[in-house]
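Structure file structure-v5.cif with mmCIF, C-alpha atoms and all ligand atoms:
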```cif
data_run
#
loop_
_atom_site.label_atom_id
_atom_site.label_comp_id
_atom_site.auth_asym_id
_atom_site.auth_seq_id
_atom_site.Cartn_x
_atom_site.Cartn_y
_atom_site.Cartn_z
CA MET A 1 82.86 65.40 134.16
CA THR A 2 85.09 66.78 131.42
CA SER A 3 84.69 70.54 131.14
CA GLU A 4 84.09 72.42 127.92
CA LYS A 5 87.49 74.10 128.37
CA GLN A 6 89.20 70.71 128.51
CA MET A 7 87.31 69.49 125.45
CA ARG A 8 88.54 72.53 123.55
CA GLN A 9 92.12 71.28 123.97
CA ASP A 10 91.24 68.89 121.12
CA PRO A 11 91.33 70.70 117.74
CA ALA A 12 88.87 68.15 116.28
CA TYR A 13 86.35 69.20 118.94
CA ARG A 14 86.91 72.89 118.17
CA CYS A 15 86.40 72.08 114.49
CA LEU A 16 83.08 70.37 115.26
CA GLN A 17 82.02 73.39 117.30
CA ASN A 18 82.73 75.62 114.32
CA LEU A 19 80.81 73.22 112.08
CA ARG A 20 77.89 73.31 114.54
CA GLY A 21 77.79 77.11 114.20
CA LEU A 22 77.90 76.87 110.41
CA VAL A 23 75.14 74.26 110.02
CA GLU A 24 72.91 76.30 112.29
CA LYS A 25 73.27 79.33 110.02
CA GLU A 26 72.80 77.37 106.79
CA ASN A 27 69.48 75.76 106.06
CA VAL A 28 70.60 72.15 106.63
CA SER A 29 68.42 69.26 107.75
CA ALA A 30 67.83 68.52 111.43
CA GLY A 31 69.41 65.09 110.83
CA ILE A 32 72.77 66.66 109.92
CA ILE A 33 72.70 68.97 112.96
CA ALA A 34 71.89 65.98 115.17
CA GLU A 35 74.90 64.03 113.80
CA VAL A 36 77.25 66.94 114.51
CA ASP A 37 75.89 67.16 118.07
CA LYS A 38 76.29 63.40 118.44
CA ALA A 39 79.94 63.51 117.32
CA MET A 40 80.69 66.21 119.93
CA ASP A 41 78.82 64.31 122.64
CA LEU A 42 80.71 61.12 121.79
CA LEU A 43 84.10 62.78 122.13
CA LYS A 44 83.08 64.06 125.56
CA ALA A 45 81.48 60.74 126.55
CA ARG A 46 84.78 58.93 125.84
CA MET A 47 86.66 61.32 128.14
CA ASP A 48 84.01 61.02 130.86
CA PHE A 49 84.01 57.22 130.57
CA CYS A 50 87.80 57.07 131.00
CA GLU A 51 87.47 59.27 134.11
CA GLN A 52 84.69 57.11 135.54
CA GLN A 53 86.59 53.86 134.93
CA THR A 54 89.69 55.22 136.65
CA THR A 55 90.48 54.68 140.35
CA ARG A 56 89.13 57.54 142.45
CA PRO A 57 91.61 59.91 144.13
CA SER A 58 92.44 59.42 147.81
CA GLN A 59 90.58 61.67 150.24
CA ASP A 60 93.69 63.82 150.64
CA LEU A 61 94.11 64.23 146.90
CA GLN A 62 90.42 64.99 146.38
CA GLN A 63 90.67 67.58 149.15
CA LEU A 64 93.70 69.19 147.50
CA MET A 65 91.94 69.35 144.14
CA ASN A 66 88.79 70.83 145.71
CA SER A 67 90.84 73.40 147.63
CA THR A 68 92.56 74.43 144.39
CA LEU A 69 89.23 74.88 142.59
CA GLN A 70 87.64 76.75 145.51
CA HIS A 71 90.65 78.95 146.26
CA ASP A 72 90.03 82.69 146.08
CA TRP A 73 92.52 83.39 143.27
CA GLN A 74 90.85 86.72 142.51
CA LYS A 75 91.52 87.98 146.05
CA ALA A 76 95.19 86.95 145.88
CA HIS A 77 95.45 88.79 142.57
CA ASP A 78 93.68 91.91 143.89
CA GLN A 79 96.04 91.96 146.89
CA GLY A 80 99.02 91.94 144.51
CA GLN A 81 100.17 88.45 145.52
CA LEU A 82 99.76 87.15 141.97
CA ASP A 83 100.58 88.87 138.66
CA ARG A 84 97.68 87.09 136.99
CA ILE A 85 95.02 84.61 137.95
CA PRO A 86 96.21 81.11 137.01
CA SER A 87 93.95 78.67 135.23
CA THR A 88 93.01 75.78 137.50
CA MET A 89 93.10 73.67 134.33
CA MET A 90 96.86 73.56 134.95
CA MET A 91 96.14 70.95 137.60
CA SER A 92 96.82 67.49 136.13
CA GLY A 93 93.53 65.96 137.29
CA ASN A 94 92.67 62.45 138.40
CA LEU A 95 92.89 60.50 135.12
CA GLU A 96 96.39 61.75 134.43
CA VAL A 97 97.76 61.37 137.95
CA GLN A 98 96.39 57.83 138.30
CA PHE A 99 98.26 57.02 135.08
CA PHE A 100 101.45 58.45 136.61
CA ARG A 101 100.89 56.45 139.77
CA THR A 102 100.57 53.28 137.70
CA LEU A 103 103.89 54.04 135.99
CA ALA A 104 105.57 54.87 139.30
CA SER A 105 104.39 51.56 140.75
CA LEU A 106 105.78 49.52 137.83
CA GLY A 107 109.43 50.33 138.38
CA ASN A 108 111.55 50.82 141.41
CA VAL A 109 110.71 54.52 141.76
CA LYS A 110 111.84 56.23 144.95
CA ARG A 111 112.89 59.69 143.89
CA VAL A 112 110.78 61.98 141.73
CA LEU A 113 111.61 65.42 140.36
CA GLU A 114 108.73 67.61 139.24
CA LEU A 115 109.17 70.78 137.23
CA GLY A 116 106.02 72.84 137.87
CA LEU A 117 104.33 72.22 141.24
CA PHE A 118 101.33 74.62 141.03
CA THR A 119 99.15 73.58 144.02
CA GLY A 120 100.67 70.12 144.41
CA CYS A 121 98.16 67.79 142.68
CA SER A 122 100.63 65.62 140.75
CA ALA A 123 103.25 65.89 143.53
CA LEU A 124 100.85 64.49 146.11
CA ALA A 125 99.50 61.76 143.82
CA LEU A 126 103.03 60.57 143.05
CA ALA A 127 104.10 60.82 146.69
CA GLU A 128 101.20 58.52 147.58
CA SER A 129 102.72 55.83 145.32
CA LEU A 130 106.23 56.01 146.73
CA PRO A 131 107.66 53.93 149.57
CA GLU A 132 108.00 55.56 153.02
CA ASP A 133 111.53 56.82 152.26
CA GLY A 134 110.51 58.10 148.79
CA LYS A 135 110.64 61.80 147.89
CA VAL A 136 108.99 64.12 145.36
CA ILE A 137 111.08 67.26 144.89
CA SER A 138 109.41 70.06 142.94
CA CYS A 139 110.62 73.22 141.23
CA GLU A 140 108.11 76.09 141.32
CA ILE A 141 108.95 79.63 140.25
CA ASP A 142 105.91 81.36 141.77
CA PRO A 143 106.22 81.84 145.55
CA TYR A 144 102.45 82.21 145.93
CA ASN A 145 101.81 78.81 144.30
CA ALA A 146 104.69 77.25 146.24
CA ASN A 147 103.30 78.47 149.61
CA LEU A 148 99.76 77.48 148.76
CA ALA A 149 100.91 74.01 147.69
CA ARG A 150 102.85 73.66 150.94
CA SER A 151 99.76 74.51 152.98
CA PHE A 152 97.73 71.91 151.05
CA LEU A 153 100.46 69.23 151.19
CA ASP A 154 100.92 69.70 154.94
CA LYS A 155 97.32 68.53 155.42
CA ALA A 156 97.94 65.27 153.51
CA ALA A 157 99.49 62.10 154.95
CA ALA A 158 101.90 61.68 152.01
CA GLY A 159 102.75 65.41 152.05
CA LYS A 160 105.82 64.71 154.18
CA LYS A 161 107.36 63.01 151.15
CA THR A 162 107.28 66.37 149.31
CA PRO A 163 110.00 68.53 150.92
CA ALA A 164 110.80 72.16 150.11
CA GLN A 165 111.33 73.20 146.50
CA GLU A 166 114.71 73.30 144.83
CA SER A 167 116.24 74.45 141.54
CA MET A 168 117.62 72.03 138.95
CA GLU A 169 121.11 73.50 139.26
CA ARG A 170 121.17 73.15 143.05
CA LEU A 171 119.97 69.57 142.82
CA ALA A 172 122.74 68.81 140.32
CA GLN A 173 125.35 70.43 142.60
CA LYS A 174 124.18 68.09 145.34
CA LYS A 175 124.58 65.19 142.85
CA GLN A 176 120.90 64.32 143.17
CA GLN A 177 119.37 61.91 140.66
CA PHE A 178 115.76 60.96 140.00
CA ASP A 179 114.03 57.78 138.89
CA LEU A 180 111.12 59.78 137.50
CA ILE A 181 111.14 63.36 136.21
CA PHE A 182 107.83 65.04 135.47
CA LEU A 183 108.13 68.00 133.12
CA ASP A 184 105.13 70.32 133.61
CA ALA A 185 106.46 73.90 133.98
CA ASP A 186 106.45 76.75 131.42
CA LYS A 187 105.99 75.34 127.93
CA PRO A 188 108.43 77.58 125.99
CA SER A 189 111.27 76.27 128.18
CA TYR A 190 110.63 72.55 127.60
CA VAL A 191 113.58 72.17 125.22
CA GLN A 192 115.88 73.86 127.72
CA TYR A 193 114.62 71.65 130.60
CA TYR A 194 115.02 68.53 128.47
CA LYS A 195 118.64 69.40 127.67
CA MET A 196 119.38 70.37 131.28
CA ILE A 197 118.04 67.06 132.61
CA PHE A 198 120.74 65.20 130.66
CA GLU A 199 123.52 67.81 130.89
CA LEU A 200 123.13 68.10 134.67
CA GLY A 201 122.88 64.32 135.06
CA LEU A 202 119.54 64.52 136.88
CA LEU A 203 118.05 61.36 135.37
CA ALA A 204 119.06 58.26 137.34
CA PRO A 205 120.14 55.11 135.49
CA LYS A 206 116.97 53.43 134.11
CA GLY A 207 115.07 56.64 134.84
CA THR A 208 111.95 57.88 133.03
CA ILE A 209 110.85 61.35 131.93
CA LEU A 210 107.13 62.15 131.76
CA VAL A 211 106.09 65.22 129.80
CA ASP A 212 102.70 66.89 130.11
CA ASN A 213 100.94 68.86 127.35
CA ALA A 214 103.00 67.31 124.56
CA LEU A 215 99.97 67.79 122.26
CA PHE A 216 99.31 71.31 123.58
CA PHE A 217 95.89 72.16 122.08
CA GLY A 218 96.90 70.23 118.94
CA ASP A 219 99.47 72.86 117.89
CA PRO A 220 102.37 70.41 117.32
CA TYR A 221 100.42 68.53 114.62
CA THR A 222 97.92 71.08 113.29
CA LYS A 223 100.54 73.85 113.02
CA GLU A 224 97.56 76.21 113.50
CA ARG A 225 99.42 78.11 116.25
CA PHE A 226 96.14 78.18 118.23
CA THR A 227 98.19 78.98 121.35
CA GLY A 228 100.82 81.13 119.60
CA LYS A 229 104.32 81.30 121.09
CA VAL A 230 103.58 78.89 123.93
CA GLY A 231 102.54 76.19 121.49
CA ASP A 232 105.64 76.93 119.38
CA GLY A 233 107.73 75.85 122.37
CA ILE A 234 105.95 72.49 122.52
CA THR A 235 106.18 72.05 118.76
CA GLN A 236 109.93 72.62 118.93
CA PHE A 237 110.20 70.28 121.92
CA ASN A 238 108.48 67.49 119.96
CA GLU A 239 110.94 67.97 117.10
CA VAL A 240 113.97 67.90 119.40
CA VAL A 241 112.82 64.68 121.09
CA LYS A 242 111.92 63.04 117.77
CA ASP A 243 115.43 63.76 116.45
CA ASP A 244 117.13 62.50 119.60
CA ASN A 245 118.28 58.99 118.71
CA THR A 246 119.55 58.31 122.22
CA VAL A 247 116.06 58.00 123.67
CA HIS A 248 112.96 55.85 123.28
CA LYS A 249 109.75 57.89 123.28
CA VAL A 250 106.02 57.32 123.13
CA LEU A 251 103.37 60.05 122.85
CA LEU A 252 99.95 59.16 124.24
CA PRO A 253 96.74 61.13 123.60
CA ILE A 254 95.78 61.23 127.28
CA ARG A 255 94.20 64.60 128.05
CA ASP A 256 96.52 67.18 126.47
CA GLY A 257 99.15 64.59 125.51
CA ILE A 258 101.63 62.75 127.70
CA MET A 259 105.05 61.79 126.41
CA ILE A 260 107.13 59.09 128.05
CA ILE A 261 110.88 59.19 127.39
CA ARG A 262 113.49 56.63 128.43
CA ARG A 263 117.10 56.06 127.46
CA LYS A 264 117.18 53.85 124.37
CA GLU A 265 119.32 51.17 126.00
CA ASP A 266 116.75 50.79 128.81
CA VAL A 267 114.02 49.84 126.35
CA ASP A 268 115.69 48.16 123.34
C1 LIG B 301 100.93 73.31 134.65
S1 LIG B 301 101.34 73.95 136.17
C2 LIG B 301 101.88 72.54 137.08
C3 LIG B 301 100.73 71.67 137.47
C4 LIG B 301 101.05 70.60 138.48
N1 LIG B 301 102.13 69.74 138.02
C5 LIG B 301 99.81 69.81 138.78
O1 LIG B 301 99.65 68.71 138.25
O2 LIG B 301 98.94 70.30 139.48
C6 LIG B 301 102.85 74.77 135.81
C7 LIG B 301 103.53 75.41 137.00
O3 LIG B 301 104.88 75.71 136.62
C8 LIG B 301 105.28 76.90 137.22
N2 LIG B 301 106.43 77.45 136.47
C9 LIG B 301 106.42 78.23 135.38
N3 LIG B 301 107.68 78.51 135.00
C10 LIG B 301 108.50 77.88 135.84
C11 LIG B 301 109.91 77.79 135.97
N4 LIG B 301 110.72 78.42 135.12
N5 LIG B 301 110.41 77.05 136.99
C12 LIG B 301 109.60 76.42 137.84
N6 LIG B 301 108.26 76.48 137.78
C13 LIG B 301 107.71 77.19 136.80
C14 LIG B 301 104.02 77.76 137.20
O4 LIG B 301 104.08 78.80 138.16
C15 LIG B 301 102.92 76.73 137.47
O5 LIG B 301 102.62 76.68 138.83
#
```
Kindly return the structure encoded in the file as structure tokens.
Ligand SMILES: C[S@@+](CC[C@H](N)C(=O)[O-])C[C@H]1O[C@@H](n2cnc3c(N)ncnc32)[C@H](O)[C@@H]1O
Amino acid sequence: MTSEKQMRQDPAYRCLQNLRGLVEKENVSAGIIAEVDKAMDLLKARMDFCEQQTTRPSQDLQQLMNSTLQHDWQKAHDQGQLDRIPSTMMMSGNLEVQFFRTLASLGNVKRVLELGLFTGCSALALAESLPEDGKVISCEIDPYNANLARSFLDKAAAGKKTPAQESMERLAQKKQQFDLIFLDADKPSYVQYYKMIFELGLLAPKGTILVDNALFFGDPYTKERFTGKVGDGITQFNEVVKDDNTVHKVLLPIRDGIMIIRRKEDVD
């Protein structure tokens, strides 16, 4: 079931919530209030329906997602292992990762680079779609998240396809290239990551870049700056990609927005 927090990623939903507050204060008819409620319920029902229609996660993936939600983040924070308690909403979730798995299965994808591992949800889902000799290599800045992800991935059959983390520079030094790159780390650095992917030659010929949160709470198109500086990073990223004539791009309103980028010559 889609949570209220997830629904609030859509500015239209937030707008309806505001409207709901207003109509309650004003003396409007019950029929109008009911229509506002219905519009909000319908937006949520569409999300829930997409989730329900989508292939269920494997047992291992479900276990990893449950472990992330049940993890005692507060304790880790109180013990000084984390600067702040992360939002478990950072986890991609089943709808999104099943979409990624579909994409990975369409092409000849063997090597995946992920920027932003968190607890390993998308890394494991993608690993499950790769052939036996496939690899998902992740970059994760937070050692606590990296260790926790490792402990979760070690319990999953496909976890062996997700070796230790690396940095983009080190991967480039080793002349590594990737068929699929999933950009899901800190939002203000998206432009920098995008440029580095090409400058460091990390994208394999015919490779694809997937970008999460390209609609980040609606900030790139509402210009409301609901998320402040973080959203500014995504807004700028959208502009940079739009102006880049060397790539083909498509932005899909799946959850918080997924962008798919390929070299122009691989699509046209
Ligand atoms: C949105 S979460 C990733 C979610 C994950 N892909 C999933 O689907 O579960 C973003 C992660 O990026 C990490 N991160 C932030 N800045 C980073 C950086 N500069 N390099 C690598 N990882 C970074 C954060 O610590 C966090 O774990």
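Across the model, the gap from atom CA of Leu113 of chain A to atom CA of Ala214 of chain A is 18.1 Å.
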Would you be able to write out as a compact mmCIF listing (two decimals) with C-alpha atoms, in the coordinates of the input which residues have an atom within 8 Å of (112.6, 68.3, 150.6) in the file's coordinates, counting all atoms listed in the file?
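And here is the file that came out, point_21.txt:
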```txt
# COMPACT_ATOMS: atom_id res chain seq x y z
CA LYS A 135 110.64 61.80 147.89
CA VAL A 136 108.99 64.12 145.36
CA ILE A 137 111.08 67.26 144.89
CA LYS A 161 107.36 63.01 151.15
CA THR A 162 107.28 66.37 149.31
CA PRO A 163 110.00 68.53 150.92
CA ALA A 164 110.80 72.16 150.11
CA GLN A 165 111.33 73.20 146.50
CA GLU A 166 114.71 73.30 144.83
```
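Summary of the local environment: counting only C-alpha atoms, residues at most 7 Å from Thr2 of chain A, other than itself and those fewer than 2 positions away along its chain, are Glu4, Gln6, Met7, Lys44, Met47 and Asp48 of chain A.
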Contacts of segment 77-92 of chain A at 10 Å (all atoms listed in the file; same-chain gap of 4+ positions) as a PyMOL selection string: chain A and resi 3+5-6+65+68-73+96-98+116-123+125+142-145+184-185+212-213+255-256
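Between atom CA of Gln59 of chain A and atom CA of Ile209 of chain A the separation is 27.3 Å.
Look at segment 219-227 of chain A: the protein and nucleic acid residues within 10 Å of it, using all atoms listed in the file and passing over chain neighbours fewer than 2 places away, are Gln9, Asp10, Pro11, Ala12, Ala214, Leu215, Phe216, Phe217, Lys229, Val230, Gly231, Asp232, Gly233, Ile234, Thr235, Gln236, Phe237, Asn238 and Glu239 of chain A.
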Would you export the selected residues with C-alpha atoms as a short mmCIF file (atom, residue, chain, number, x, y, z; two decimals), in the coordinates of the input, please?
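Okay, this is what ended up in part-v8.cif:
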```cif
data_model
loop_
_atom_site.label_atom_id
_atom_site.label_comp_id
_atom_site.auth_asym_id
_atom_site.auth_seq_id
_atom_site.Cartn_x
_atom_site.Cartn_y
_atom_site.Cartn_z
CA GLN A 9 92.12 71.28 123.97
CA ASP A 10 91.24 68.89 121.12
CA PRO A 11 91.33 70.70 117.74
CA ALA A 12 88.87 68.15 116.28
CA ALA A 214 103.00 67.31 124.56
CA LEU A 215 99.97 67.79 122.26
CA PHE A 216 99.31 71.31 123.58
CA PHE A 217 95.89 72.16 122.08
CA LYS A 229 104.32 81.30 121.09
CA VAL A 230 103.58 78.89 123.93
CA GLY A 231 102.54 76.19 121.49
CA ASP A 232 105.64 76.93 119.38
CA GLY A 233 107.73 75.85 122.37
CA ILE A 234 105.95 72.49 122.52
CA THR A 235 106.18 72.05 118.76
CA GLN A 236 109.93 72.62 118.93
CA PHE A 237 110.20 70.28 121.92
CA ASN A 238 108.48 67.49 119.96
CA GLU A 239 110.94 67.97 117.10
#
```
Listed atoms of ligand LIG 301 (chain B) boxed along x, y and z, 8 Å each side, centre and edge lengths in Å, one decimal, as AutoDock Vina command-line options:
```
--center_x 104.8 --center_y 73.8 --center_z 137.1 --size_x 27.8 --size_y 26.1 --size_z 20.8
```
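With all atoms listed in the file as the basis for measurement, A:Ala149 is the residue among A:Ala149, A:Leu19, A:Ile32, A:Leu203 that approaches ligand LIG 301 (chain B) most closely.
You will find atom O5 of ligand LIG 301 (chain B) at 25.2 Å from atom CA of Val250 of chain A.
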message: Can you pull out the residues contacting Ala127 of chain A? Cut-off 6 Å, using all atoms listed in the file, and skip same-chain residues under 3 positions away; I want them as number ranges by chain.
response: A: 124, 130, 158, 161
field: Residue with smallest distance to ligand LIG 301 (chain B) - pool A:Asp179, A:Glu169, A:Glu24, A:Asp186, counting all atoms listed in the file
entry: A:Asp186
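Proximity of A:Gly228, A:Lys187, A:Thr246, A:Cys139 to ligand LIG 301 (chain B), computed with only C-alpha atoms and all ligand atoms, is greatest for A:Cys139.
Compared by their closest atoms to ligand LIG 301 (chain B), and using all atoms listed in the file, the residues A:Val211, A:Gln192, A:Leu115, A:Lys206 rank with A:Leu115 nearest.
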Write out as a CSV table (one decimal) with C-alpha atoms, in the frame of the given file which residues come within 7 Å of Pro57 of chain A when counting all atoms listed in the file, dropping same-chain ones fewer than 3 positions away.
```
chain,number,residue,atom,x,y,z
A,61,LEU,CA,94.1,64.2,146.9
A,62,GLN,CA,90.4,65.0,146.4
A,94,ASN,CA,92.7,62.4,138.4
```
field: Among the residues A:Pro188, A:Gly107, A:Gly159, A:Pro131, the one that comes closest to ligand LIG 301 (chain B) [using all atoms listed in the file]
entry: A:Pro188
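Residue nearest Met168 of chain A, chosen from A:Val241, A:Met259, A:Ile141, A:Met40 and counting all atoms listed in the file: A:Ile141.
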